[in-house]
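Read through the structure below, which is laid out as structure tokens, and then see the notes.
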Amino acid sequence: MKLVEPPLISTPAIEQRLKLLAQEITDYYRDKPLTVLGLLNGSIFFLVDLVRLLPLETQLECWRVQSYVGQQSSGTLQGLESCQAELRGRSVLLIDDILDTGLTLHSVQTRARELGASEVDICVLLRKNRVRQIEVETRWVGFDIADEFVVGYGLDFNGHYRGLRAIHLMGE
Ligand code: XMP
């Protein structure tokens, strides 16, 4: 498998979209007790770039969970049992790199609600156009993409390509 050029989503396109998302998110959470909850490792660059565009008093939490092995979802989510945070009465904004099967975001949203969050909304950079194993409602989406494997800007293929500044397809 190798990287496809040119990128599917360029660096300027990502930057421009993030500014718009940040405006909408700021308007929504003004006067609410916001906790931004990022899922590592994939959302790391999206999380950092987005949070720095929010002129809000924000608490930041990061949870480390994993469902993918190589290019396949393993069907189970690892790491959620050790995810803890004081979320009672907080408005939680869940940030992830990509919505694929829905397993990760559904499980994490359920966990955040169990920990007492008053609302849990979701912002993903990418949403794959596919039938999901579990339906998940996303309030904010950076880009809708086809059901293909992508890397870059936090997304990896077995640990590779995470640091690329744009988002690329992988091809033969
Ligand atoms: P689910 O299936 O739980 O997937 O919605 C969410 C997690 O799976 C990873 N994922 C990908 N990683 N390229 C990647 O590098 C992809 O195309 C891709 N699709 C899913 C990702 O970690 C995401 O948080």
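Convention: chains lettered A, B, ... in structure tokens order; per-chain residue numbering from 1; ligands numbered from 1 as shown.
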
Within 6 Å of ligand 1, counting only C-alpha atoms and all ligand atoms, residues as a PyMOL selection string | chain A and resi 42+67-68+73+96-104+148-151+155-157

Find the residues around Gly152 in chain A up to 12 Å (only C-alpha atoms counted), leave out those fewer than 2 positions away in its own chain, and share them as number ranges by chain.
-> A: 3-4, 7-11, 14, 41-46, 97-98, 125-126, 149-150, 154-170

Would you write out those residues with C-alpha atoms, as a PDB file, in the first residue's frame?
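result-v5.pdb, written as the output of this step:
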ATOM      1  CA  LEU A   3       0.249   7.051  -0.370  1.00  0.00           C
ATOM      2  CA  VAL A   4      -1.898   8.563  -3.158  1.00  0.00           C
ATOM      3  CA  PRO A   7      -3.961  14.702  -1.187  1.00  0.00           C
ATOM      4  CA  LEU A   8      -7.675  14.035  -0.858  1.00  0.00           C
ATOM      5  CA  ILE A   9      -7.964  17.046   1.490  1.00  0.00           C
ATOM      6  CA  SER A  10      -5.248  19.702   1.366  1.00  0.00           C
ATOM      7  CA  THR A  11      -3.718  21.571   4.303  1.00  0.00           C
ATOM      8  CA  ILE A  14      -8.350  21.722   6.531  1.00  0.00           C
ATOM      9  CA  ASN A  41      -4.108   9.039  19.076  1.00  0.00           C
ATOM     10  CA  GLY A  42      -5.993   9.845  15.873  1.00  0.00           C
ATOM     11  CA  SER A  43      -7.565  13.185  16.825  1.00  0.00           C
ATOM     12  CA  ILE A  44      -4.360  14.724  18.222  1.00  0.00           C
ATOM     13  CA  PHE A  45      -3.683  17.355  15.536  1.00  0.00           C
ATOM     14  CA  PHE A  46      -7.358  18.100  14.917  1.00  0.00           C
ATOM     15  CA  ASP A  97     -10.611  12.016  13.729  1.00  0.00           C
ATOM     16  CA  ILE A  98     -13.115   9.902  11.841  1.00  0.00           C
ATOM     17  CA  LEU A 125     -12.963  15.777  11.196  1.00  0.00           C
ATOM     18  CA  LEU A 126     -14.094  13.089   8.740  1.00  0.00           C
ATOM     19  CA  PHE A 149      -8.933   4.224   4.027  1.00  0.00           C
ATOM     20  CA  VAL A 150      -7.253   7.569   4.669  1.00  0.00           C
ATOM     21  CA  GLY A 154      -3.354  12.266  12.861  1.00  0.00           C
ATOM     22  CA  LEU A 155      -4.672   9.239  10.984  1.00  0.00           C
ATOM     23  CA  ASP A 156      -2.233   6.371  10.645  1.00  0.00           C
ATOM     24  CA  PHE A 157      -1.649   3.098   8.868  1.00  0.00           C
ATOM     25  CA  ASN A 158      -0.044   0.845  11.505  1.00  0.00           C
ATOM     26  CA  GLY A 159       1.669   3.849  13.055  1.00  0.00           C
ATOM     27  CA  HIS A 160       2.828   5.425   9.770  1.00  0.00           C
ATOM     28  CA  TYR A 161       1.843   8.712   8.086  1.00  0.00           C
ATOM     29  CA  ARG A 162       0.263  10.288  11.195  1.00  0.00           C
ATOM     30  CA  GLY A 163       2.361  13.441  10.911  1.00  0.00           C
ATOM     31  CA  LEU A 164       1.405  14.341   7.336  1.00  0.00           C
ATOM     32  CA  ARG A 165      -0.141  17.802   7.123  1.00  0.00           C
ATOM     33  CA  ALA A 166      -2.811  16.802   4.572  1.00  0.00           C
ATOM     34  CA  ILE A 167      -5.171  13.825   4.301  1.00  0.00           C
ATOM     35  CA  HIS A 168      -4.364  11.189   1.702  1.00  0.00           C
ATOM     36  CA  LEU A 169      -5.917   8.011   0.343  1.00  0.00           C
ATOM     37  CA  MET A 170      -3.869   4.804   0.442  1.00  0.00           C
TER      38      MET A 170
END

At a cut-off of 8 Å, using only C-alpha atoms, what residues contact Asp144 in chain A? Leave out same-chain residues fewer than 6 positions from it and give the result as a short mmCIF file (atom, residue, chain, number, x, y, z; two decimals) with C-alpha atoms, in the first residue's frame.
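Wrote part22.cif, looks like this:
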data_model
loop_
_atom_site.label_atom_id
_atom_site.label_comp_id
_atom_site.auth_asym_id
_atom_site.auth_seq_id
_atom_site.Cartn_x
_atom_site.Cartn_y
_atom_site.Cartn_z
CA LEU A 126 -14.09 13.09 8.74
CA ARG A 127 -17.27 11.08 8.31
CA LYS A 128 -17.18 8.01 6.09
CA ASN A 129 -20.16 7.47 3.82
#

Per DSSP on the backbone, what are the strand (DSSP E) residues of chain A, as a PDB file with N, CA, C and O atoms, in the first residue's frame?
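To be explicit, this is the file written out as out.pdb:
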ATOM      1  N   LYS A   2       0.523   2.229  -0.812  1.00  0.00           N
ATOM      2  CA  LYS A   2       1.275   3.476  -0.740  1.00  0.00           C
ATOM      3  C   LYS A   2       0.343   4.693  -0.773  1.00  0.00           C
ATOM      4  O   LYS A   2      -0.832   4.581  -1.109  1.00  0.00           O
ATOM      5  N   LEU A   3       0.988   5.801  -0.491  1.00  0.00           N
ATOM      6  CA  LEU A   3       0.249   7.051  -0.370  1.00  0.00           C
ATOM      7  C   LEU A   3      -0.185   7.554  -1.749  1.00  0.00           C
ATOM      8  O   LEU A   3       0.599   7.544  -2.684  1.00  0.00           O
ATOM      9  N   LEU A  34     -17.873  23.963  29.367  1.00  0.00           N
ATOM     10  CA  LEU A  34     -17.407  23.058  28.304  1.00  0.00           C
ATOM     11  C   LEU A  34     -16.188  22.235  28.698  1.00  0.00           C
ATOM     12  O   LEU A  34     -15.178  22.764  29.176  1.00  0.00           O
ATOM     13  N   THR A  35     -16.311  20.916  28.481  1.00  0.00           N
ATOM     14  CA  THR A  35     -15.143  20.029  28.537  1.00  0.00           C
ATOM     15  C   THR A  35     -14.943  19.445  27.142  1.00  0.00           C
ATOM     16  O   THR A  35     -15.855  18.806  26.598  1.00  0.00           O
ATOM     17  N   VAL A  36     -13.784  19.697  26.554  1.00  0.00           N
ATOM     18  CA  VAL A  36     -13.447  19.087  25.266  1.00  0.00           C
ATOM     19  C   VAL A  36     -12.755  17.764  25.561  1.00  0.00           C
ATOM     20  O   VAL A  36     -11.788  17.714  26.314  1.00  0.00           O
ATOM     21  N   LEU A  37     -13.293  16.698  24.995  1.00  0.00           N
ATOM     22  CA  LEU A  37     -12.771  15.352  25.249  1.00  0.00           C
ATOM     23  C   LEU A  37     -12.249  14.772  23.937  1.00  0.00           C
ATOM     24  O   LEU A  37     -13.022  14.435  23.037  1.00  0.00           O
ATOM     25  N   GLY A  38     -10.937  14.689  23.816  1.00  0.00           N
ATOM     26  CA  GLY A  38     -10.318  14.219  22.574  1.00  0.00           C
ATOM     27  C   GLY A  38      -9.936  12.753  22.673  1.00  0.00           C
ATOM     28  O   GLY A  38      -9.497  12.286  23.719  1.00  0.00           O
ATOM     29  N   LEU A  39     -10.104  12.046  21.567  1.00  0.00           N
ATOM     30  CA  LEU A  39      -9.737  10.625  21.535  1.00  0.00           C
ATOM     31  C   LEU A  39      -8.389  10.464  20.850  1.00  0.00           C
ATOM     32  O   LEU A  39      -8.207  10.858  19.694  1.00  0.00           O
ATOM     33  N   LEU A  40      -7.453   9.881  21.589  1.00  0.00           N
ATOM     34  CA  LEU A  40      -6.083   9.687  21.087  1.00  0.00           C
ATOM     35  C   LEU A  40      -5.939   8.266  20.548  1.00  0.00           C
ATOM     36  O   LEU A  40      -6.621   7.380  21.009  1.00  0.00           O
ATOM     37  N   THR A  58     -12.276  26.476  28.668  1.00  0.00           N
ATOM     38  CA  THR A  58     -12.487  25.077  28.304  1.00  0.00           C
ATOM     39  C   THR A  58     -11.645  24.150  29.153  1.00  0.00           C
ATOM     40  O   THR A  58     -10.464  24.419  29.355  1.00  0.00           O
ATOM     41  N   GLN A  59     -12.251  23.078  29.645  1.00  0.00           N
ATOM     42  CA  GLN A  59     -11.424  22.022  30.241  1.00  0.00           C
ATOM     43  C   GLN A  59     -11.112  20.999  29.156  1.00  0.00           C
ATOM     44  O   GLN A  59     -11.919  20.780  28.255  1.00  0.00           O
ATOM     45  N   LEU A  60      -9.932  20.404  29.268  1.00  0.00           N
ATOM     46  CA  LEU A  60      -9.489  19.487  28.221  1.00  0.00           C
ATOM     47  C   LEU A  60      -9.186  18.121  28.823  1.00  0.00           C
ATOM     48  O   LEU A  60      -8.469  18.017  29.817  1.00  0.00           O
ATOM     49  N   GLU A  61      -9.781  17.098  28.236  1.00  0.00           N
ATOM     50  CA  GLU A  61      -9.502  15.706  28.638  1.00  0.00           C
ATOM     51  C   GLU A  61      -9.114  14.925  27.396  1.00  0.00           C
ATOM     52  O   GLU A  61      -9.627  15.200  26.309  1.00  0.00           O
ATOM     53  N   CYS A  62      -8.248  13.935  27.567  1.00  0.00           N
ATOM     54  CA  CYS A  62      -7.910  13.046  26.456  1.00  0.00           C
ATOM     55  C   CYS A  62      -8.071  11.600  26.916  1.00  0.00           C
ATOM     56  O   CYS A  62      -7.593  11.235  27.983  1.00  0.00           O
ATOM     57  N   TRP A  63      -8.752  10.829  26.108  1.00  0.00           N
ATOM     58  CA  TRP A  63      -8.890   9.398  26.394  1.00  0.00           C
ATOM     59  C   TRP A  63      -8.212   8.628  25.273  1.00  0.00           C
ATOM     60  O   TRP A  63      -8.305   9.010  24.100  1.00  0.00           O
ATOM     61  N   ARG A  64      -7.570   7.539  25.681  1.00  0.00           N
ATOM     62  CA  ARG A  64      -6.865   6.739  24.687  1.00  0.00           C
ATOM     63  C   ARG A  64      -7.617   5.433  24.473  1.00  0.00           C
ATOM     64  O   ARG A  64      -7.692   4.595  25.361  1.00  0.00           O
ATOM     65  N   GLN A  66      -8.759   2.325  21.302  1.00  0.00           N
ATOM     66  CA  GLN A  66      -8.331   1.800  20.001  1.00  0.00           C
ATOM     67  C   GLN A  66      -9.290   0.733  19.499  1.00  0.00           C
ATOM     68  O   GLN A  66      -9.670  -0.171  20.238  1.00  0.00           O
ATOM     69  N   SER A  67      -9.694   0.861  18.242  1.00  0.00           N
ATOM     70  CA  SER A  67     -10.539  -0.191  17.657  1.00  0.00           C
ATOM     71  C   SER A  67      -9.915  -0.769  16.399  1.00  0.00           C
ATOM     72  O   SER A  67     -10.240  -1.864  15.994  1.00  0.00           O
ATOM     73  N   TYR A  68      -9.001  -0.010  15.779  1.00  0.00           N
ATOM     74  CA  TYR A  68      -8.449  -0.439  14.493  1.00  0.00           C
ATOM     75  C   TYR A  68      -7.144  -1.209  14.648  1.00  0.00           C
ATOM     76  O   TYR A  68      -6.285  -0.859  15.441  1.00  0.00           O
ATOM     77  N   VAL A  69      -7.015  -2.261  13.844  1.00  0.00           N
ATOM     78  CA  VAL A  69      -5.738  -2.959  13.703  1.00  0.00           C
ATOM     79  C   VAL A  69      -5.455  -2.967  12.205  1.00  0.00           C
ATOM     80  O   VAL A  69      -6.235  -3.517  11.436  1.00  0.00           O
ATOM     81  N   GLN A  72      -8.404  -2.462   9.356  1.00  0.00           N
ATOM     82  CA  GLN A  72      -9.680  -3.077   9.722  1.00  0.00           C
ATOM     83  C   GLN A  72     -10.103  -2.712  11.133  1.00  0.00           C
ATOM     84  O   GLN A  72      -9.272  -2.714  12.038  1.00  0.00           O
ATOM     85  N   SER A  73     -11.386  -2.463  11.323  1.00  0.00           N
ATOM     86  CA  SER A  73     -11.906  -2.311  12.674  1.00  0.00           C
ATOM     87  C   SER A  73     -11.920  -3.697  13.319  1.00  0.00           C
ATOM     88  O   SER A  73     -12.368  -4.662  12.707  1.00  0.00           O
ATOM     89  N   SER A  74     -11.410  -3.785  14.556  1.00  0.00           N
ATOM     90  CA  SER A  74     -11.357  -5.091  15.236  1.00  0.00           C
ATOM     91  C   SER A  74     -12.733  -5.473  15.771  1.00  0.00           C
ATOM     92  O   SER A  74     -12.950  -6.596  16.185  1.00  0.00           O
ATOM     93  N   GLY A  75     -13.649  -4.520  15.792  1.00  0.00           N
ATOM     94  CA  GLY A  75     -15.007  -4.808  16.277  1.00  0.00           C
ATOM     95  C   GLY A  75     -15.168  -4.623  17.773  1.00  0.00           C
ATOM     96  O   GLY A  75     -16.279  -4.666  18.280  1.00  0.00           O
ATOM     97  N   THR A  76     -14.057  -4.436  18.489  1.00  0.00           N
ATOM     98  CA  THR A  76     -14.167  -4.154  19.928  1.00  0.00           C
ATOM     99  C   THR A  76     -13.304  -2.937  20.251  1.00  0.00           C
ATOM    100  O   THR A  76     -12.308  -2.674  19.582  1.00  0.00           O
ATOM    101  N   LEU A  77     -13.676  -2.242  21.307  1.00  0.00           N
ATOM    102  CA  LEU A  77     -12.958  -1.032  21.684  1.00  0.00           C
ATOM    103  C   LEU A  77     -12.089  -1.314  22.908  1.00  0.00           C
ATOM    104  O   LEU A  77     -12.593  -1.766  23.931  1.00  0.00           O
ATOM    105  N   GLN A  78     -10.794  -1.072  22.761  1.00  0.00           N
ATOM    106  CA  GLN A  78      -9.880  -1.326  23.875  1.00  0.00           C
ATOM    107  C   GLN A  78      -9.560  -0.028  24.608  1.00  0.00           C
ATOM    108  O   GLN A  78      -9.347   0.998  23.967  1.00  0.00           O
ATOM    109  N   SER A  91     -20.878  20.158  29.856  1.00  0.00           N
ATOM    110  CA  SER A  91     -21.220  19.966  28.440  1.00  0.00           C
ATOM    111  C   SER A  91     -19.977  19.416  27.776  1.00  0.00           C
ATOM    112  O   SER A  91     -18.940  20.080  27.736  1.00  0.00           O
ATOM    113  N   VAL A  92     -20.076  18.201  27.281  1.00  0.00           N
ATOM    114  CA  VAL A  92     -18.892  17.544  26.724  1.00  0.00           C
ATOM    115  C   VAL A  92     -18.928  17.597  25.196  1.00  0.00           C
ATOM    116  O   VAL A  92     -19.938  17.250  24.571  1.00  0.00           O
ATOM    117  N   LEU A  93     -17.818  18.046  24.640  1.00  0.00           N
ATOM    118  CA  LEU A  93     -17.646  18.006  23.192  1.00  0.00           C
ATOM    119  C   LEU A  93     -16.615  16.928  22.885  1.00  0.00           C
ATOM    120  O   LEU A  93     -15.435  17.051  23.206  1.00  0.00           O
ATOM    121  N   LEU A  94     -17.112  15.864  22.267  1.00  0.00           N
ATOM    122  CA  LEU A  94     -16.267  14.712  21.942  1.00  0.00           C
ATOM    123  C   LEU A  94     -15.621  14.943  20.580  1.00  0.00           C
ATOM    124  O   LEU A  94     -16.321  15.214  19.595  1.00  0.00           O
ATOM    125  N   ILE A  95     -14.289  14.862  20.547  1.00  0.00           N
ATOM    126  CA  ILE A  95     -13.570  15.127  19.292  1.00  0.00           C
ATOM    127  C   ILE A  95     -12.897  13.845  18.813  1.00  0.00           C
ATOM    128  O   ILE A  95     -12.131  13.227  19.564  1.00  0.00           O
ATOM    129  N   ASP A  96     -13.178  13.459  17.572  1.00  0.00           N
ATOM    130  CA  ASP A  96     -12.449  12.313  17.010  1.00  0.00           C
ATOM    131  C   ASP A  96     -12.058  12.608  15.563  1.00  0.00           C
ATOM    132  O   ASP A  96     -12.605  13.514  14.930  1.00  0.00           O
ATOM    133  N   ASP A  97     -11.101  11.808  15.091  1.00  0.00           N
ATOM    134  CA  ASP A  97     -10.611  12.016  13.729  1.00  0.00           C
ATOM    135  C   ASP A  97     -11.640  11.606  12.686  1.00  0.00           C
ATOM    136  O   ASP A  97     -11.868  12.307  11.716  1.00  0.00           O
ATOM    137  N   ILE A  98     -12.273  10.434  12.913  1.00  0.00           N
ATOM    138  CA  ILE A  98     -13.115   9.902  11.841  1.00  0.00           C
ATOM    139  C   ILE A  98     -14.245   9.051  12.403  1.00  0.00           C
ATOM    140  O   ILE A  98     -14.052   8.314  13.371  1.00  0.00           O
ATOM    141  N   LEU A  99     -15.423   9.186  11.809  1.00  0.00           N
ATOM    142  CA  LEU A  99     -16.549   8.308  12.136  1.00  0.00           C
ATOM    143  C   LEU A  99     -16.619   7.241  11.054  1.00  0.00           C
ATOM    144  O   LEU A  99     -16.840   7.548   9.883  1.00  0.00           O
ATOM    145  N   GLU A 119     -24.574  16.986  28.679  1.00  0.00           N
ATOM    146  CA  GLU A 119     -24.801  16.758  27.242  1.00  0.00           C
ATOM    147  C   GLU A 119     -23.482  16.318  26.627  1.00  0.00           C
ATOM    148  O   GLU A 119     -22.412  16.733  27.070  1.00  0.00           O
ATOM    149  N   VAL A 120     -23.575  15.452  25.637  1.00  0.00           N
ATOM    150  CA  VAL A 120     -22.369  14.962  24.955  1.00  0.00           C
ATOM    151  C   VAL A 120     -22.596  15.074  23.456  1.00  0.00           C
ATOM    152  O   VAL A 120     -23.369  14.311  22.875  1.00  0.00           O
ATOM    153  N   ASP A 121     -21.945  16.049  22.833  1.00  0.00           N
ATOM    154  CA  ASP A 121     -22.068  16.221  21.395  1.00  0.00           C
ATOM    155  C   ASP A 121     -20.755  15.834  20.723  1.00  0.00           C
ATOM    156  O   ASP A 121     -19.697  15.811  21.355  1.00  0.00           O
ATOM    157  N   ILE A 122     -20.845  15.562  19.435  1.00  0.00           N
ATOM    158  CA  ILE A 122     -19.699  14.989  18.723  1.00  0.00           C
ATOM    159  C   ILE A 122     -19.263  15.882  17.573  1.00  0.00           C
ATOM    160  O   ILE A 122     -20.095  16.378  16.808  1.00  0.00           O
ATOM    161  N   CYS A 123     -17.943  16.061  17.478  1.00  0.00           N
ATOM    162  CA  CYS A 123     -17.347  16.748  16.330  1.00  0.00           C
ATOM    163  C   CYS A 123     -16.276  15.828  15.749  1.00  0.00           C
ATOM    164  O   CYS A 123     -15.341  15.445  16.451  1.00  0.00           O
ATOM    165  N   VAL A 124     -16.432  15.465  14.487  1.00  0.00           N
ATOM    166  CA  VAL A 124     -15.404  14.646  13.825  1.00  0.00           C
ATOM    167  C   VAL A 124     -14.829  15.413  12.643  1.00  0.00           C
ATOM    168  O   VAL A 124     -15.527  16.197  11.994  1.00  0.00           O
ATOM    169  N   LEU A 125     -13.570  15.159  12.375  1.00  0.00           N
ATOM    170  CA  LEU A 125     -12.963  15.777  11.196  1.00  0.00           C
ATOM    171  C   LEU A 125     -13.533  15.147   9.927  1.00  0.00           C
ATOM    172  O   LEU A 125     -13.874  15.843   8.975  1.00  0.00           O
ATOM    173  N   LEU A 126     -13.646  13.815   9.933  1.00  0.00           N
ATOM    174  CA  LEU A 126     -14.094  13.089   8.740  1.00  0.00           C
ATOM    175  C   LEU A 126     -15.252  12.163   9.084  1.00  0.00           C
ATOM    176  O   LEU A 126     -15.284  11.584  10.167  1.00  0.00           O
ATOM    177  N   ARG A 127     -16.177  12.041   8.144  1.00  0.00           N
ATOM    178  CA  ARG A 127     -17.274  11.076   8.314  1.00  0.00           C
ATOM    179  C   ARG A 127     -17.333  10.227   7.057  1.00  0.00           C
ATOM    180  O   ARG A 127     -17.518  10.751   5.950  1.00  0.00           O
ATOM    181  N   LYS A 128     -17.147   8.909   7.240  1.00  0.00           N
ATOM    182  CA  LYS A 128     -17.180   8.005   6.086  1.00  0.00           C
ATOM    183  C   LYS A 128     -18.612   7.721   5.678  1.00  0.00           C
ATOM    184  O   LYS A 128     -19.461   7.442   6.533  1.00  0.00           O
ATOM    185  N   TRP A 140     -21.104  18.233  14.506  1.00  0.00           N
ATOM    186  CA  TRP A 140     -20.208  18.936  13.597  1.00  0.00           C
ATOM    187  C   TRP A 140     -19.329  17.938  12.838  1.00  0.00           C
ATOM    188  O   TRP A 140     -18.749  17.033  13.455  1.00  0.00           O
ATOM    189  N   VAL A 141     -19.217  18.151  11.510  1.00  0.00           N
ATOM    190  CA  VAL A 141     -18.406  17.275  10.654  1.00  0.00           C
ATOM    191  C   VAL A 141     -17.517  18.158   9.784  1.00  0.00           C
ATOM    192  O   VAL A 141     -18.005  19.105   9.152  1.00  0.00           O
ATOM    193  N   GLY A 142     -16.225  17.848   9.775  1.00  0.00           N
ATOM    194  CA  GLY A 142     -15.312  18.607   8.912  1.00  0.00           C
ATOM    195  C   GLY A 142     -15.567  18.309   7.448  1.00  0.00           C
ATOM    196  O   GLY A 142     -15.909  19.197   6.657  1.00  0.00           O
ATOM    197  N   PHE A 143     -15.466  17.041   7.083  1.00  0.00           N
ATOM    198  CA  PHE A 143     -15.616  16.625   5.685  1.00  0.00           C
ATOM    199  C   PHE A 143     -16.281  15.258   5.612  1.00  0.00           C
ATOM    200  O   PHE A 143     -15.938  14.360   6.384  1.00  0.00           O
ATOM    201  N   ASP A 144     -17.209  15.111   4.665  1.00  0.00           N
ATOM    202  CA  ASP A 144     -17.748  13.784   4.351  1.00  0.00           C
ATOM    203  C   ASP A 144     -16.878  13.168   3.264  1.00  0.00           C
ATOM    204  O   ASP A 144     -16.555  13.831   2.276  1.00  0.00           O
ATOM    205  N   ILE A 145     -16.499  11.902   3.464  1.00  0.00           N
ATOM    206  CA  ILE A 145     -15.636  11.237   2.474  1.00  0.00           C
ATOM    207  C   ILE A 145     -16.240   9.877   2.106  1.00  0.00           C
ATOM    208  O   ILE A 145     -17.104   9.363   2.814  1.00  0.00           O
ATOM    209  N   VAL A 150      -8.007   6.315   4.789  1.00  0.00           N
ATOM    210  CA  VAL A 150      -7.253   7.569   4.669  1.00  0.00           C
ATOM    211  C   VAL A 150      -6.195   7.672   5.767  1.00  0.00           C
ATOM    212  O   VAL A 150      -6.339   7.072   6.834  1.00  0.00           O
ATOM    213  N   VAL A 151      -5.159   8.435   5.470  1.00  0.00           N
ATOM    214  CA  VAL A 151      -4.089   8.667   6.460  1.00  0.00           C
ATOM    215  C   VAL A 151      -3.694  10.145   6.441  1.00  0.00           C
ATOM    216  O   VAL A 151      -4.011  10.877   5.518  1.00  0.00           O
ATOM    217  N   HIS A 168      -4.589  11.930   2.953  1.00  0.00           N
ATOM    218  CA  HIS A 168      -4.364  11.189   1.702  1.00  0.00           C
ATOM    219  C   HIS A 168      -5.105   9.859   1.719  1.00  0.00           C
ATOM    220  O   HIS A 168      -5.275   9.242   2.768  1.00  0.00           O
ATOM    221  N   LEU A 169      -5.454   9.387   0.506  1.00  0.00           N
ATOM    222  CA  LEU A 169      -5.917   8.011   0.343  1.00  0.00           C
ATOM    223  C   LEU A 169      -4.706   7.095   0.302  1.00  0.00           C
ATOM    224  O   LEU A 169      -3.597   7.537  -0.037  1.00  0.00           O
ATOM    225  N   MET A 170      -4.915   5.816   0.628  1.00  0.00           N
ATOM    226  CA  MET A 170      -3.869   4.804   0.442  1.00  0.00           C
ATOM    227  C   MET A 170      -4.266   3.978  -0.785  1.00  0.00           C
ATOM    228  O   MET A 170      -5.418   3.603  -0.933  1.00  0.00           O
ATOM    229  N   GLY A 171      -3.287   3.685  -1.656  1.00  0.00           N
ATOM    230  CA  GLY A 171      -3.599   2.892  -2.854  1.00  0.00           C
ATOM    231  C   GLY A 171      -2.571   1.804  -3.080  1.00  0.00           C
ATOM    232  O   GLY A 171      -1.594   1.697  -2.342  1.00  0.00           O
TER     233      GLY A 171
END

Would you give me, as a list in words, the residues in range 83-156 of chain A that DSSP reads as helix (DSSP H, G or I)?
-> Leu103, Thr104, Leu105, His106, Ser107, Val108, Gln109, Thr110, Arg111, Ala112, Arg113 and Glu114 of chain A

Please provide the set of residues having any atom within 12 Å of Glu114 in chain A, restricted to only C-alpha atoms, with same-chain residues fewer than 4 positions apart removed, written as a PyMOL selection string.
-> chain A and resi 83-89+107-110+118-120

One-decimal distance in Å that lies between CA of Tyr29 in chain A and CA of Gly116 in chain A = 17.8 Å

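CA of Leu50 in chain A lies 19.8 Å from CA of Glu137 in chain A.
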
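Straight-line separation from CA of Leu54 in chain A to CA of Arg90 in chain A: 17.0 Å.
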
From the list A:Ala146, A:Leu56, A:Val136, A:Leu47, the nearest residue to Asp27 in chain A using only C-alpha atoms is A:Leu56

Residue nearest Arg132 in chain A among A:Leu105, A:Arg111, A:Tyr153, A:Pro12 (counting only C-alpha atoms) | A:Leu105
